[in-house]
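**Q** Please see the structure below; I have some questions.
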Amino acid sequence: MSISNKNSGYFNRIYTLVILTLEWLIIGFSYQNNDFDTYQLMYNTVNNLGIHTYTGLEIGQRFLYKLGGDFGLTYYQFVGFYTLVAIVILWAGLRKITNNVGLTLTIYFIFPFIYDVTQVRNFFALCLMVFAFHFLLNDGFKRSILPYCSIILLAGLIHSISFFYIIFLLTKIKKIRSIYWITILLALIAAITFKLFNSLSYALIVNKLATYSNADATPFSYKILYAIIFLINILILHFVYQLSLNGKDLKLQNNLLTIYKASILLIICYPVVSINEVFFRIFRDFLILTYAAVTLILSEKSYKLTLEKISVFCFTVFFALVNSYVWLFADGKYNSLVLPIFKYNFIFGR
């Protein structure tokens with residue numbers, strides 16, 4: 001290995017550590033953000049009433065809350081440890097998918113990291129999903145399907161929406177055309193049967209999906225916007241996969257193809273997103289895998305750095321910036337969502 005490659009590797013490791021630490025300090029030491037009081041109330045309620053008496057939360061999260069209480073942690077302290085574990089899990093998963101974790105986390109910081117600062121339970125489930133996903137890049141039941149399903153089950157017990165990611169098992173289907181047809185079929189079924197979620201989800205996972213499915217409908221303009229975002233994400237990963245075919249690294253091609261297939265399968269959740277935008281978090285959480293795929297093809301040393309790769313990377317960053325503006329800054333969201341995260345922070349606040 002040349003000195004320049006050694007220096008590059010050392011810089012990447014240091015940068016990754018810095019961005020991981022920064023994101024942990026933001027998410028782990030934030031208070032008085034949009035959902036903080038709600039989660040603190042849940043934490044105190046679980047520890048006062050008991051894990052089985054309070055049922056307004058997934059059993060896995062209740063168990064973690066009770067564990068924190070048994071160790072005598074306040075909710076502030078619990079969030080610090082909870083998010084640290086999540087950050088480590090995220091790092092462990094990303095390093096199996098991309099060789100540039102730091103750059104991936106930087107784009108993720110642009111969007112949708114800020115949402116996860118307020119929704120720490122969703123963040124923990126996201127981290128488990130990313131860690132689980134790297135098993136799909138393997139072959140065989142014991143090395144791939146079994147660990148993936150096991151970890152997604154754990155994620156679902158933290159946040160029930162994560163059960164949706166079981167559909168990524170369909171990435172094992174070889175032909176892209178088959179993936180498209182199955183996706184269309186399942187999306188139609190989801191659109192037709194969505195109203196059944198009310199009774200079905202109550203029986204399976206308490207009342208989380210039932211609550212979401214009874215919420216206000218998604219505005220028509222947002223339905224169009226969501227459709228565009230879904231399609232752009234697929235196009236990005238399509239181009240990334242096509243770029244990988246210019247080389248001879250079959251493992252790299254297989255990994256990018258798997259992420260590309262998963263982006264297609266995400267269309268299955270579009271009907272429910274179009275009915276209730278709360279489900280957009282299913283897609284939002286996937287974006288970090290898109291970023292990982294883009295940084296992988298950009299940084300892979302066996303592939304030349306071409307104008308096409310730089311263009312895809314720049315477009316992906318632009319895509320993240322546009323999403324950040326739309327979801328975090330437009331319509332006064334900055335004052336209600338973004339500003340409190342930095343204003344009310346034990347490290348960065350004032």
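Every chain in the structure tokens takes a letter, A first, then B, and so on in the order presented; its residues are numbered from 1, and the ligands are numbered from 1 following the presented order.
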Tell me, as an NGL selection string, which residues lie within 12 Å of Leu137 (chain A), counting only C-alpha atoms; anything in the same chain fewer than 4 positions away does not count.
**A** :A and (93 or 96-98 or 130-133 or 141 or 143-145 or 147-148 or 168-169 or 171-172 or 250-262)
**Q** I need the residues from that last selection saved to file as a PDB file, in the first residue's frame (with N, CA and C atoms), if you can.
**A**
ATOM      1  N   GLY A  93     -22.895  -1.592  10.899  1.00  0.00           N
ATOM      2  CA  GLY A  93     -23.609  -1.991   9.692  1.00  0.00           C
ATOM      3  C   GLY A  93     -23.080  -1.307   8.448  1.00  0.00           C
ATOM      4  N   LYS A  96     -19.866  -2.519   6.769  1.00  0.00           N
ATOM      5  CA  LYS A  96     -20.007  -3.756   6.005  1.00  0.00           C
ATOM      6  C   LYS A  96     -20.567  -3.496   4.609  1.00  0.00           C
ATOM      7  N   ILE A  97     -21.098  -2.286   4.410  1.00  0.00           N
ATOM      8  CA  ILE A  97     -21.758  -1.974   3.144  1.00  0.00           C
ATOM      9  C   ILE A  97     -20.929  -1.037   2.281  1.00  0.00           C
ATOM     10  N   THR A  98     -20.291  -0.039   2.913  1.00  0.00           N
ATOM     11  CA  THR A  98     -19.515   0.945   2.165  1.00  0.00           C
ATOM     12  C   THR A  98     -18.131   1.095   2.779  1.00  0.00           C
ATOM     13  N   VAL A 130     -30.176  -1.094   9.216  1.00  0.00           N
ATOM     14  CA  VAL A 130     -28.937  -0.982   8.435  1.00  0.00           C
ATOM     15  C   VAL A 130     -27.987  -2.128   8.769  1.00  0.00           C
ATOM     16  N   PHE A 131     -27.868  -2.430  10.052  1.00  0.00           N
ATOM     17  CA  PHE A 131     -26.998  -3.538  10.449  1.00  0.00           C
ATOM     18  C   PHE A 131     -27.528  -4.855   9.888  1.00  0.00           C
ATOM     19  N   ALA A 132     -28.843  -5.028   9.917  1.00  0.00           N
ATOM     20  CA  ALA A 132     -29.441  -6.257   9.392  1.00  0.00           C
ATOM     21  C   ALA A 132     -29.227  -6.366   7.893  1.00  0.00           C
ATOM     22  N   PHE A 133     -29.281  -5.239   7.196  1.00  0.00           N
ATOM     23  CA  PHE A 133     -29.245  -5.268   5.732  1.00  0.00           C
ATOM     24  C   PHE A 133     -27.957  -5.885   5.202  1.00  0.00           C
ATOM     25  N   PHE A 141     -29.065 -19.488   4.005  1.00  0.00           N
ATOM     26  CA  PHE A 141     -30.089 -19.218   5.025  1.00  0.00           C
ATOM     27  C   PHE A 141     -29.455 -18.755   6.332  1.00  0.00           C
ATOM     28  N   ARG A 143     -26.406 -17.586   6.972  1.00  0.00           N
ATOM     29  CA  ARG A 143     -25.534 -16.416   6.887  1.00  0.00           C
ATOM     30  C   ARG A 143     -26.268 -15.171   6.398  1.00  0.00           C
ATOM     31  N   SER A 144     -27.479 -15.339   5.925  1.00  0.00           N
ATOM     32  CA  SER A 144     -28.184 -14.209   5.331  1.00  0.00           C
ATOM     33  C   SER A 144     -29.604 -14.059   5.862  1.00  0.00           C
ATOM     34  N   ILE A 145     -30.470 -14.968   5.507  1.00  0.00           N
ATOM     35  CA  ILE A 145     -31.896 -14.817   5.807  1.00  0.00           C
ATOM     36  C   ILE A 145     -32.182 -14.874   7.301  1.00  0.00           C
ATOM     37  N   PRO A 147     -30.178 -14.349  10.116  1.00  0.00           N
ATOM     38  CA  PRO A 147     -29.789 -13.166  10.910  1.00  0.00           C
ATOM     39  C   PRO A 147     -30.554 -11.910  10.510  1.00  0.00           C
ATOM     40  N   TYR A 148     -30.873 -11.768   9.209  1.00  0.00           N
ATOM     41  CA  TYR A 148     -31.621 -10.588   8.782  1.00  0.00           C
ATOM     42  C   TYR A 148     -32.998 -10.554   9.443  1.00  0.00           C
ATOM     43  N   PHE A 168     -37.659  -6.930   2.187  1.00  0.00           N
ATOM     44  CA  PHE A 168     -36.357  -6.907   1.522  1.00  0.00           C
ATOM     45  C   PHE A 168     -35.793  -8.309   1.305  1.00  0.00           C
ATOM     46  N   LEU A 169     -36.417  -9.309   1.915  1.00  0.00           N
ATOM     47  CA  LEU A 169     -36.039 -10.692   1.613  1.00  0.00           C
ATOM     48  C   LEU A 169     -36.253 -10.998   0.135  1.00  0.00           C
ATOM     49  N   THR A 171     -35.270  -9.351  -2.228  1.00  0.00           N
ATOM     50  CA  THR A 171     -34.076  -9.012  -3.020  1.00  0.00           C
ATOM     51  C   THR A 171     -33.313 -10.268  -3.420  1.00  0.00           C
ATOM     52  N   LYS A 172     -33.638 -11.398  -2.796  1.00  0.00           N
ATOM     53  CA  LYS A 172     -32.996 -12.668  -3.148  1.00  0.00           C
ATOM     54  C   LYS A 172     -33.465 -13.176  -4.512  1.00  0.00           C
ATOM     55  N   LEU A 250     -17.349  -8.526  -8.909  1.00  0.00           N
ATOM     56  CA  LEU A 250     -18.676  -9.140  -8.878  1.00  0.00           C
ATOM     57  C   LEU A 250     -19.357  -8.961  -7.527  1.00  0.00           C
ATOM     58  N   LYS A 251     -18.585  -8.975  -6.443  1.00  0.00           N
ATOM     59  CA  LYS A 251     -19.167  -8.789  -5.116  1.00  0.00           C
ATOM     60  C   LYS A 251     -19.743  -7.389  -4.976  1.00  0.00           C
ATOM     61  N   LEU A 252     -19.006  -6.404  -5.453  1.00  0.00           N
ATOM     62  CA  LEU A 252     -19.486  -5.021  -5.430  1.00  0.00           C
ATOM     63  C   LEU A 252     -20.772  -4.891  -6.238  1.00  0.00           C
ATOM     64  N   GLN A 253     -20.778  -5.493  -7.426  1.00  0.00           N
ATOM     65  CA  GLN A 253     -21.961  -5.437  -8.279  1.00  0.00           C
ATOM     66  C   GLN A 253     -23.157  -6.085  -7.598  1.00  0.00           C
ATOM     67  N   ASN A 254     -22.939  -7.214  -6.949  1.00  0.00           N
ATOM     68  CA  ASN A 254     -24.021  -7.907  -6.252  1.00  0.00           C
ATOM     69  C   ASN A 254     -24.565  -7.070  -5.098  1.00  0.00           C
ATOM     70  N   ASN A 255     -23.662  -6.423  -4.344  1.00  0.00           N
ATOM     71  CA  ASN A 255     -24.092  -5.592  -3.218  1.00  0.00           C
ATOM     72  C   ASN A 255     -24.941  -4.407  -3.680  1.00  0.00           C
ATOM     73  N   LEU A 256     -24.487  -3.759  -4.743  1.00  0.00           N
ATOM     74  CA  LEU A 256     -25.230  -2.600  -5.256  1.00  0.00           C
ATOM     75  C   LEU A 256     -26.543  -3.029  -5.894  1.00  0.00           C
ATOM     76  N   LEU A 257     -26.550  -4.202  -6.508  1.00  0.00           N
ATOM     77  CA  LEU A 257     -27.786  -4.718  -7.092  1.00  0.00           C
ATOM     78  C   LEU A 257     -28.818  -5.000  -5.994  1.00  0.00           C
ATOM     79  N   THR A 258     -28.363  -5.509  -4.862  1.00  0.00           N
ATOM     80  CA  THR A 258     -29.271  -5.794  -3.751  1.00  0.00           C
ATOM     81  C   THR A 258     -29.915  -4.514  -3.224  1.00  0.00           C
ATOM     82  N   ILE A 259     -29.112  -3.454  -3.066  1.00  0.00           N
ATOM     83  CA  ILE A 259     -29.657  -2.176  -2.600  1.00  0.00           C
ATOM     84  C   ILE A 259     -30.615  -1.595  -3.640  1.00  0.00           C
ATOM     85  N   TYR A 260     -30.261  -1.738  -4.906  1.00  0.00           N
ATOM     86  CA  TYR A 260     -31.127  -1.273  -6.002  1.00  0.00           C
ATOM     87  C   TYR A 260     -32.475  -1.993  -5.971  1.00  0.00           C
ATOM     88  N   LYS A 261     -32.447  -3.313  -5.790  1.00  0.00           N
ATOM     89  CA  LYS A 261     -33.691  -4.085  -5.694  1.00  0.00           C
ATOM     90  C   LYS A 261     -34.536  -3.623  -4.514  1.00  0.00           C
ATOM     91  N   ALA A 262     -33.871  -3.366  -3.392  1.00  0.00           N
ATOM     92  CA  ALA A 262     -34.595  -2.913  -2.194  1.00  0.00           C
ATOM     93  C   ALA A 262     -35.298  -1.585  -2.449  1.00  0.00           C
TER      94      ALA A 262
END
**Q** Against region 325-337 of chain A, which residues of region 237-282 of chain A fall within 12 Å? For each one I want the closest pair of atoms and the distance in Å (one decimal), counting only C-alpha atoms, rows by chain and increasing residue number, as a tab-separated table.
**A**
residue	atom	partner	partner_atom	distance
A:Glu277	CA	A:Trp327	CA	11.9
A:Phe280	CA	A:Trp327	CA	11.3
A:Arg281	CA	A:Trp327	CA	11.8
**Q** Residues of the last selection are to be written out with C-alpha atoms, as a PDB file, in the first residue's frame.
**A**
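Contents of part-v1.pdb, as written:
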ATOM      1  CA  GLU A 277     -47.573  10.531   5.401  1.00  0.00           C
ATOM      2  CA  PHE A 280     -42.898   8.174   4.878  1.00  0.00           C
ATOM      3  CA  ARG A 281     -40.365   7.315   7.581  1.00  0.00           C
TER       4      ARG A 281
END
**Q** Taking only C-alpha atoms into account, name the residue in A:Asp116, A:Asp139, A:Asp249, A:Glu58 that is nearest to Ala155 (chain A).
**A** A:Glu58
**Q** If we count only C-alpha atoms, what is near Asn99 (chain A) at a cut-off of 9 Å, once residues fewer than 5 positions away on the same chain are taken out, given as a PyMOL selection string?
**A** chain A and resi 94+292+295-296+299-300
**Q** Which polymer residues have any atom within 12 Å of an atom of Cys314 (chain A), counting only C-alpha atoms, with same-chain residues fewer than 2 positions away left out, as a PyMOL selection string?
**A** chain A and resi 107+236+291+294-295+298+307-312+316-321
**Q** So which bits of region 56-305 of chain A end up alpha helix (DSSP H) when you DSSP the backbone, as a PyMOL selection string?
**A** chain A and resi 59-70+75-94+101-110+113-118+120-133+146-158+176-193+197-205+208-213+220-244+250-265+270-275+280-299
**Q** Nearest to Met129 (chain A): which of A:Ile229, A:Ile267, A:Leu287, A:Ile224 is it, counting only C-alpha atoms?
**A**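 For Met129 (chain A), the nearest of the candidates is A:Leu287.
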